[in-house]
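*Asks:* I have a structure here, written as structure tokens, and I will follow up with some questions on it.
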Amino acid sequence: MKLAVVVQRYGADISGGAELHARYIAERLARHADVDVLTTCARDYITWRNELAEGIETVNGLRVRRFPVAHPRDTGDFGRRSRVVFDEPHSLADELKWLDSEGPTSPKLIRFITGAREAFDFFVFFSYRYYHAWHGIRAVPHKSVLVPTAERDPAVGLALFAPIFRGARAVMFNSLEERALIDGVSRREGPGVVVGVGSAIPERTQPWRFRKKFNVKRPFAIYIGRIDRNKGCAELFEFFERYAVMYPHGIDLVLVGSKELEIPSHPRIRHVGFLSDEDKFDALAAADVLIMPSQFESLSMVALEAWALGKPVLANGKCDVLRGQAVRSNGGLYYESFEEFAEALYTLEGTGPIGAVLGRNGQEFFRRHYAWPVIERKYAEMFDRLKREPATAALEPLPGFFARRQRTIPPARQVVDAVPSGPVVK
Amino acid sequence: MADLNVRSDSVDVEQIMRQIRARIREKRGVDYTEAELQQLANVKLEKFLDPRGVRSDLVEQFRKHRVVSPAPPHFTFEDTTLYETHRGYLRAIRKLLRPFLLLFFNPNRITDALHTQAEINALNHRLFRQREELDPLVYEVIHNLVVEATRLGIEVHNLKMRVESLSSRLDFDERRGRSLESVVQYRRAAPAGDARGAGESRGPDEPRESGETRSPGGEPRSSGEPRVAAETAPRPWSEGGGGRPEGREGGGRRRRRRRRRRPGQTMGDQRGPVGSGSAGESGSPGAMRGPVDTRRPDESGGSGEAAPRSSAEAGEMRGPDDSGADDQ
């Protein structure tokens, strides 16, 4: 079987959630199939500037074909268009312009996909919201498998994506909540399965090595990821500072990741920067609890890694996915206000056995649903099924010139708000 | 804080969260919604801004001297403004020649720019006026904050004084308690007849209830009133914390020493550091006195029972101006 994994950025040093997800899946699928990666020359997800060389290169043993981005993103233009399509009645033409403005606009990549449609059995597209996925699925709908990595943000409510969700041969969801969201906005009925992604969990971790290397002596909660306002870090800092006042002998907070937001100078908040995988897992093993403050997550790989290591997770309860996973796994607590944050953190650090029990439950949850053999089996079963069953739903054509320009589409935010929210508990 | 009730491995996250919420409700009393909290905050703010609550001459002064900035000259710029004139014939000529003018340059751009500028000016003035109207309110709020801060400062100062006073009293009570305990402990050494005759208190070898002494009538007496024992049990200097002879020599009168402050002196100032004492206090005979000291300063060293001791040993204290004159 020959597969193409199509993703907006790709590289061993690119650590974005969807990109890492794509790399892990590509490397795992390569054990069972011939896999090519099709991607752009961009490295920065904000500007999509061409930074990597066009052409073929090998990354971790996989053939990677890079295509140039036609124009970098104009952030001002993108912001304006986002306001229009998210908050005002608009036309399909507005949405198409928004997609083009968002990028990474790479017509060469789409032309390659169109030309090589017969060379591959399936094209696995990552991240529904970008140019490559929308145009790519339209180019090869009957061979497309979409890994949407959708969050509950207004973009998922744009009218141009619903036909894509319905038209892709199969959708590989990250969580039950994501499935409910996408089914809600698109009313799709095709094949789909909740898969997610595993992680490269090391056999052994050495917590003391992290403590020694970074001179961390006290018990601590850990946050791993980009330290960014969009990831909920501003709220995390505010809550933690108040918690520190409330519990002077409570645990510390260690931050791992690149800094996009000013970190408050506080004796109990420590930033150790971006860490190698080895250090990261050591840090996670040394921590008492992982905090996930992000409100928008389709799947938190870090949370899965924490569970894999038997650590409980304290998640933002406003994120349906994280809350649902915490409840289904019985592997973590969640918060929606400062009081809940402080009490939950106190519970996890103050009454030891609960943290350990939650961690064990999380470990079991990870083993049952997110271990690599499980993931690989789900992908293999889906490809077999798609080979057996003929494609039924055809991709709906785009409306005509004038219909595309009618401002009759409701604001995307309104569409998303109309979809029932909340965690899927059962 | 109440512990969570979690049994073995069968944890239920939803249940834990329910317990956490219940705990929060317990702590907070009432579970206010965000809207209710907002409403409460507004009510507080209104109360805070109530002018009756603030007596401020400064606010009046501020209002008196308030200057309202004059409106800028009315300046509008339309597409006809360039060609306007009060002379009718000139206006007609300009109108006729306007197309020729447009051959040389485009005045519409200038008109647009100046029109926009005029609108900006008007907007600026409007915003500035709003700001001016808001200023007194801001001033008033700041003033009230200052008043409140001052009031709180004074209150904090008073509370500090009170804490200091309470601390001194507590210290004094502790010392008194210790010296009285010593009195009870060493009562055995006292002449039996003396002690029995005067106070009827029991010796340490006799069975007794802890913290109890006997009143002269043989009734139990709580440790809060050990004066009888102190008065009836003379003991050597060398023994015990408050170890001074406490015999009442020919007097039925009880005398109690009262500490006095000097003008401008706090209780803390008056009290010397424990175990050291200031020069002239701890070392001088009679400088440190028990709470039930019946002797005058000149009597203390004269009995030959013991040498003067340090304040630490004595566990008692007295200010430098303490003297027999203070005895009641």
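Residue names in the structure tokens use chain letters A, B, ... in the order shown, residue numbers from 1 in each chain, and ligand numbers from 1 in the order shown.
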Need to verify the contact set: A:Lys387, 12 Å, only C-alpha atoms, exclusion of same-chain residues closer than 2 positions in sequence. Can you return it as a PyMOL selection string?
*Replies:* chain A and resi 1+121-122+142-144+169-170+380-385+389-391
*Asks:* Which residues come within 7 Å of stretch 3-13 of chain A, counting only C-alpha atoms, excluding same-chain residues fewer than 4 positions away, as a VMD selection string?
*Replies:* chain A and resid 19 22 26 33 to 40 42 to 43 59 104 120 to 126 132
*Asks:* Please return, as a list in words, all residues of chain A lying within 8 Å of chain B when only C-alpha atoms are considered.
*Replies:*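 Residues of chain A within 8 Å of chain B, counting only C-alpha atoms: Ala326, Val327, Asn330, Gly331, Gly332, Leu333, Tyr334, Glu339, Glu340, Glu343, Ala344, Thr347, Thr351, Ile354, Val357 and Leu358 of chain A.
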*Asks:* Residues near B:Tyr83, anyone? I mean within 8 Å using only C-alpha atoms, not counting same-chain ones fewer than 4 positions away, as a ChimeraX atom specification.
*Replies:* /B:91,94-95
*Asks:* Would you mind writing down, as a PyMOL selection string, each residue of stretch 60-262 of chain A that DSSP on the backbone assigns to helix (DSSP H, G or I)?
*Replies:* chain A and resi 75-87+92-102+107-115+131-139+141-143+154-157+162-167+176-186+207-213+229-231+233-246
*Asks:* Could you work out how far atom CA of A:Ile227 lies from atom CA of A:Leu261, giving the answer in Å with one decimal?
*Replies:*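 Separating atom CA of A:Leu261 from atom CA of A:Ile227 is a distance of 6.0 Å.
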*Asks:* Considering only C-alpha atoms, can you say which of A:Val85, A:Pro373, A:Ala394, A:Leu309 comes closest to A:Ala356?
*Replies:* A:Leu309
*Asks:* Rounded to one decimal in Å, what is the spacing between atom CA of A:Asp282 and atom CA of A:Leu348?
*Replies:*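 Computed distance, atom CA of A:Asp282 to atom CA of A:Leu348, equals 19.6 Å.
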